[in-house]
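Undergrad: My questions will all concern the structure given below.
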Amino acid sequence: MNTSIVRRGAVAALAALALATAPAATAWSVPGQAPAGAAAAEQGKTAHIQPLPTSPVAYRFGETLARLSGRKLEVTFFAAIIPHHRAAIEMARLERERGTDARIRTHADDIIANQRHQIGQFTRWLKKWYGLTPEQARQQAPQEARQEIAAMEREVRRMIAELRRVPAGERFDIEFVRRMIPHHNSGVIEFLEPQSRADHAQLKVAAASGINSQEMQIVDFRTWLSEQTR
């Protein structure tokens, strides 16, 4: 069987799973905002708490990684995952500053600790194995991958800018979770290829750990988000 087809199928299956496991649509209202008449009440019925969608660019990048191997796969992966983790840490720090839910704040602490650790680990490996900084790794990635990494970064910068405009409190917890779920989904996609095909065994183990920790948080985030509608 063609292994590249199998890998592309895995990315497509993850996309389908993200849609299939999205929480059921249920109504919510912004805290402190009272409905203004029947029209506003009807509008409230159509507003739902659910995660933002995972970026289509993330799935395309997963397919790009599936076409790479050896040095190119590892260098391109490092070029993408390091800024991806930095963005997650930035979002988690905002949750620590503005969020109020103890369960979500604990997850934010875990994101900061785990992803900071992997950034250091990946930066050291990139230097030791290939003599590159993260910026140099990006320059050496294939053109298609560089374009996809840049597009994902633009999207996450917009997402963080939106999050900064959310007031502190319960609403911030919700908006943080709505954005962290697709961000973690993108991270899982990035980890798939190095987990199975990296040349270095250490990277395979780290990728598996990254998938496991992010998938566990996705499940808990989805459960928590669904509970906010009760």
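In the structure tokens, chains take the letters A, B, ... in the order shown, each chain's residues start at 1, and ligands count up from 1 in the order shown.
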Counting only C-alpha atoms, give me one row per residue of region 178-204 of chain A with an atom at most 12 Å from an atom of region 96-116 of chain A, showing the shortest contact pair and its distance in Å to one decimal, sorted by chain then residue number, as JSON lines.

TA:
```
{"residue": "A:Arg178", "atom": "CA", "partner": "A:Ile104", "partner_atom": "CA", "distance": 11.7}
{"residue": "A:Met180", "atom": "CA", "partner": "A:Ala108", "partner_atom": "CA", "distance": 9.8}
{"residue": "A:Ile181", "atom": "CA", "partner": "A:His107", "partner_atom": "CA", "distance": 11.9}
{"residue": "A:His183", "atom": "CA", "partner": "A:Ile111", "partner_atom": "CA", "distance": 11.7}
{"residue": "A:His184", "atom": "CA", "partner": "A:Ile111", "partner_atom": "CA", "distance": 10.2}
{"residue": "A:Gly187", "atom": "CA", "partner": "A:Gln115", "partner_atom": "CA", "distance": 10.8}
```

Undergrad: Please write the residues from the selection above to a file, keeping all heavy atoms, as a PDB file, in the first residue's frame.

TA:
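Heads up, here's the output in result26.pdb:
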```pdb
ATOM      1  N   ARG A 178     -12.320  28.094  23.332  1.00  0.00           N
ATOM      2  CA  ARG A 178     -12.780  28.028  21.944  1.00  0.00           C
ATOM      3  C   ARG A 178     -11.625  28.148  20.960  1.00  0.00           C
ATOM      4  O   ARG A 178     -11.669  27.582  19.859  1.00  0.00           O
ATOM      5  CB  ARG A 178     -13.793  29.138  21.663  1.00  0.00           C
ATOM      6  CG  ARG A 178     -15.127  28.973  22.381  1.00  0.00           C
ATOM      7  CD  ARG A 178     -16.101  30.072  21.978  1.00  0.00           C
ATOM      8  NE  ARG A 178     -16.504  29.914  20.596  1.00  0.00           N
ATOM      9  CZ  ARG A 178     -16.477  30.900  19.694  1.00  0.00           C
ATOM     10  NH1 ARG A 178     -16.042  32.105  20.027  1.00  0.00           N
ATOM     11  NH2 ARG A 178     -16.869  30.676  18.454  1.00  0.00           N
ATOM     12  N   MET A 180      -8.208  27.524  21.940  1.00  0.00           N
ATOM     13  CA  MET A 180      -7.146  26.563  22.215  1.00  0.00           C
ATOM     14  C   MET A 180      -7.443  25.192  21.599  1.00  0.00           C
ATOM     15  O   MET A 180      -6.511  24.466  21.224  1.00  0.00           O
ATOM     16  CB  MET A 180      -6.918  26.438  23.722  1.00  0.00           C
ATOM     17  CG  MET A 180      -5.667  25.628  24.097  1.00  0.00           C
ATOM     18  SD  MET A 180      -4.139  26.202  23.292  1.00  0.00           S
ATOM     19  CE  MET A 180      -3.889  27.770  24.133  1.00  0.00           C
ATOM     20  N   ILE A 181      -8.706  24.835  21.477  1.00  0.00           N
ATOM     21  CA  ILE A 181      -9.036  23.537  20.876  1.00  0.00           C
ATOM     22  C   ILE A 181      -8.517  23.449  19.434  1.00  0.00           C
ATOM     23  O   ILE A 181      -7.786  22.508  19.105  1.00  0.00           O
ATOM     24  CB  ILE A 181     -10.548  23.257  20.965  1.00  0.00           C
ATOM     25  CG1 ILE A 181     -10.955  22.982  22.420  1.00  0.00           C
ATOM     26  CG2 ILE A 181     -10.938  22.064  20.071  1.00  0.00           C
ATOM     27  CD1 ILE A 181     -12.460  22.864  22.636  1.00  0.00           C
ATOM     28  N   HIS A 183      -6.226  25.258  18.097  1.00  0.00           N
ATOM     29  CA  HIS A 183      -4.762  25.413  18.120  1.00  0.00           C
ATOM     30  C   HIS A 183      -4.107  24.076  18.465  1.00  0.00           C
ATOM     31  O   HIS A 183      -3.108  23.678  17.838  1.00  0.00           O
ATOM     32  CB  HIS A 183      -4.377  26.480  19.146  1.00  0.00           C
ATOM     33  CG  HIS A 183      -2.951  26.909  19.028  1.00  0.00           C
ATOM     34  ND1 HIS A 183      -2.501  27.729  18.026  1.00  0.00           N
ATOM     35  CD2 HIS A 183      -1.857  26.615  19.783  1.00  0.00           C
ATOM     36  CE1 HIS A 183      -1.201  27.937  18.163  1.00  0.00           C
ATOM     37  NE2 HIS A 183      -0.788  27.266  19.229  1.00  0.00           N
ATOM     38  N   HIS A 184      -4.651  23.364  19.439  1.00  0.00           N
ATOM     39  CA  HIS A 184      -4.132  22.032  19.775  1.00  0.00           C
ATOM     40  C   HIS A 184      -4.335  21.063  18.614  1.00  0.00           C
ATOM     41  O   HIS A 184      -3.463  20.215  18.346  1.00  0.00           O
ATOM     42  CB  HIS A 184      -4.840  21.496  21.019  1.00  0.00           C
ATOM     43  CG  HIS A 184      -4.210  21.906  22.310  1.00  0.00           C
ATOM     44  ND1 HIS A 184      -3.050  22.643  22.398  1.00  0.00           N
ATOM     45  CD2 HIS A 184      -4.583  21.662  23.607  1.00  0.00           C
ATOM     46  CE1 HIS A 184      -2.730  22.828  23.675  1.00  0.00           C
ATOM     47  NE2 HIS A 184      -3.658  22.242  24.422  1.00  0.00           N
ATOM     48  N   GLY A 187      -1.577  21.481  16.342  1.00  0.00           N
ATOM     49  CA  GLY A 187      -0.355  20.888  16.889  1.00  0.00           C
ATOM     50  C   GLY A 187      -0.316  19.388  16.700  1.00  0.00           C
ATOM     51  O   GLY A 187       0.730  18.815  16.353  1.00  0.00           O
TER      52      GLY A 187
END
```

Undergrad: Please report the interatomic distance between CA of Asn185 (chain A) and CA of Thr64 (chain A) in Å with one decimal.

TA: 16.4 Å

Undergrad: Which is closer to Leu68 (chain A) than all the others in A:Ala141, A:Leu225, A:Ala92, A:Ala151, using only C-alpha atoms?

TA: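 Among A:Ala141, A:Leu225, A:Ala92, A:Ala151, it is A:Ala141 that comes nearest to Leu68 (chain A).
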
Undergrad: Please, what distance in Å, to one decimal, runs between CA of Ala87 (chain A) and CA of Val156 (chain A)?

TA: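 Distance between the two atoms: 7.2 Å.
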
Undergrad: With only C-alpha atoms as the counted atoms, please give the residues lying no more than 9 Å from region 158-163 of chain A, apart from itself and same-chain residues fewer than 2 positions off, as an mmCIF file with N, CA and C atoms, in the first residue's frame.

TA:
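Saved result, out-v5.cif, follows:
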```cif
data_model
loop_
_atom_site.group_PDB
_atom_site.id
_atom_site.type_symbol
_atom_site.label_atom_id
_atom_site.label_comp_id
_atom_site.auth_asym_id
_atom_site.auth_seq_id
_atom_site.Cartn_x
_atom_site.Cartn_y
_atom_site.Cartn_z
ATOM 1 N N ALA A 87 3.014 30.588 20.498
ATOM 2 C CA ALA A 87 1.681 31.197 20.461
ATOM 3 C C ALA A 87 0.779 30.594 21.529
ATOM 4 N N GLU A 90 1.609 32.146 24.803
ATOM 5 C CA GLU A 90 1.072 33.500 24.894
ATOM 6 C C GLU A 90 -0.408 33.478 25.251
ATOM 7 N N MET A 91 -1.163 32.584 24.618
ATOM 8 C CA MET A 91 -2.584 32.462 24.923
ATOM 9 C C MET A 91 -2.797 31.986 26.353
ATOM 10 N N LEU A 94 -2.357 34.719 28.870
ATOM 11 C CA LEU A 94 -3.547 35.573 28.924
ATOM 12 C C LEU A 94 -4.623 34.937 29.799
ATOM 13 N N GLU A 153 0.728 31.364 11.029
ATOM 14 C CA GLU A 153 1.121 32.383 11.997
ATOM 15 C C GLU A 153 0.229 33.614 11.891
ATOM 16 N N ARG A 154 -0.138 34.008 10.682
ATOM 17 C CA ARG A 154 -1.045 35.153 10.524
ATOM 18 C C ARG A 154 -2.398 34.850 11.167
ATOM 19 N N GLU A 155 -2.867 33.635 10.960
ATOM 20 C CA GLU A 155 -4.153 33.254 11.545
ATOM 21 C C GLU A 155 -4.106 33.262 13.067
ATOM 22 N N VAL A 156 -3.033 32.739 13.643
ATOM 23 C CA VAL A 156 -2.968 32.674 15.101
ATOM 24 C C VAL A 156 -2.761 34.065 15.696
ATOM 25 N N ARG A 165 -9.063 41.221 23.203
ATOM 26 C CA ARG A 165 -10.184 42.153 23.314
ATOM 27 C C ARG A 165 -11.309 41.635 24.218
ATOM 28 N N VAL A 166 -11.176 40.402 24.698
ATOM 29 C CA VAL A 166 -12.214 39.814 25.549
ATOM 30 C C VAL A 166 -11.980 40.246 26.993
ATOM 31 N N PRO A 167 -13.015 40.716 27.683
ATOM 32 C CA PRO A 167 -12.835 41.135 29.082
ATOM 33 C C PRO A 167 -12.547 39.955 29.992
ATOM 34 N N PHE A 172 -13.916 35.191 29.317
ATOM 35 C CA PHE A 172 -12.559 34.980 28.821
ATOM 36 C C PHE A 172 -12.217 33.491 28.826
ATOM 37 N N GLU A 175 -13.760 31.952 25.734
ATOM 38 C CA GLU A 175 -13.115 32.327 24.470
ATOM 39 C C GLU A 175 -11.711 31.733 24.353
ATOM 40 N N PHE A 176 -11.030 31.595 25.481
ATOM 41 C CA PHE A 176 -9.726 30.931 25.473
ATOM 42 C C PHE A 176 -9.867 29.482 25.020
ATOM 43 N N ARG A 179 -10.579 28.848 21.332
ATOM 44 C CA ARG A 179 -9.415 29.033 20.457
ATOM 45 C C ARG A 179 -8.329 27.994 20.696
#
```

Undergrad: Excluding region 142-146 of chain A and its own-chain neighbours fewer than 5 positions away, which residues fall within 9 Å of it when counting only C-alpha atoms? Please give them as a PDB file with N, CA and C atoms, in the first residue's frame.

TA:
```pdb
ATOM      1  N   PHE A  61      -0.643  21.740   5.634  1.00  0.00           N
ATOM      2  CA  PHE A  61       0.733  21.604   6.117  1.00  0.00           C
ATOM      3  C   PHE A  61       1.011  20.159   6.528  1.00  0.00           C
ATOM      4  N   THR A  64       1.874  18.409   3.495  1.00  0.00           N
ATOM      5  CA  THR A  64       3.224  18.773   3.060  1.00  0.00           C
ATOM      6  C   THR A  64       4.269  17.977   3.832  1.00  0.00           C
ATOM      7  N   LEU A  65       4.100  17.882   5.153  1.00  0.00           N
ATOM      8  CA  LEU A  65       5.037  17.082   5.956  1.00  0.00           C
ATOM      9  C   LEU A  65       5.038  15.627   5.517  1.00  0.00           C
ATOM     10  N   LYS A  72      14.799  16.971   5.889  1.00  0.00           N
ATOM     11  CA  LYS A  72      13.782  17.947   5.497  1.00  0.00           C
ATOM     12  C   LYS A  72      12.550  17.860   6.384  1.00  0.00           C
ATOM     13  N   THR A  76      11.751  21.029   8.855  1.00  0.00           N
ATOM     14  CA  THR A  76      10.492  21.726   8.566  1.00  0.00           C
ATOM     15  C   THR A  76       9.535  21.638   9.747  1.00  0.00           C
ATOM     16  N   ALA A  79      10.682  24.083  12.340  1.00  0.00           N
ATOM     17  CA  ALA A  79      10.393  25.448  11.907  1.00  0.00           C
ATOM     18  C   ALA A  79       8.953  25.843  12.193  1.00  0.00           C
ATOM     19  N   ALA A  80       8.048  24.861  12.199  1.00  0.00           N
ATOM     20  CA  ALA A  80       6.623  25.145  12.430  1.00  0.00           C
ATOM     21  C   ALA A  80       6.228  25.033  13.891  1.00  0.00           C
ATOM     22  N   ALA A 151       1.182  31.485   6.791  1.00  0.00           N
ATOM     23  CA  ALA A 151      -0.278  31.631   6.826  1.00  0.00           C
ATOM     24  C   ALA A 151      -0.835  31.231   8.186  1.00  0.00           C
TER      25      ALA A 151
END
```

Undergrad: Please compute the CA of Leu132 (chain A)-CA of Ser186 (chain A) distance, one decimal, in Å.

TA: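 We find that CA of Leu132 (chain A) and CA of Ser186 (chain A) lie 24.0 Å from each other.
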
Undergrad: Choose the residue, out of A:Ser55, A:Gln202, A:Gln195, A:Gln147, that has the smallest atom-to-atom separation from Trp129 (chain A); count only C-alpha atoms.

TA: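 Going through A:Ser55, A:Gln202, A:Gln195, A:Gln147 one by one, the smallest distance to Trp129 (chain A) is for A:Gln202.
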
Undergrad: Restricting the calculation to only C-alpha atoms, which member of A:Ala137, A:Ile81, A:Leu73, A:Leu192 is positioned closest to Gln121 (chain A)?

TA: A:Ile81

Undergrad: When you count only C-alpha atoms, which of these residues is closest to Ile82 (chain A): A:Ser209, A:Gln217, A:Gln139, A:Thr133?

TA: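 Nearest candidate to Ile82 (chain A) out of A:Ser209, A:Gln217, A:Gln139, A:Thr133: A:Thr133.
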
Undergrad: Can you list, as number ranges by chain, every protein, DNA or RNA residue that comes within 10 Å of Gly70 (chain A) when you count only C-alpha atoms, leaving out same-chain residues fewer than 2 positions away?

TA: A: 68, 72-75, 194, 197-200

Undergrad: Would you mind telling me which residue in A:Val219, A:Arg71, A:His85, A:Arg60 lies nearest to Gly131 (chain A) when using only C-alpha atoms?

TA: A:Arg71

Undergrad: Residues at most 9 Å from Phe122 (chain A), counting only C-alpha atoms, excluding those fewer than 4 positions away in the same chain, as a list in words?

TA: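 Near Phe122 (chain A), the qualifying residues are Phe78, Ile81, Ile82, His117, Gln118, Leu126, Lys127, Pro134 and Leu203 of chain A.
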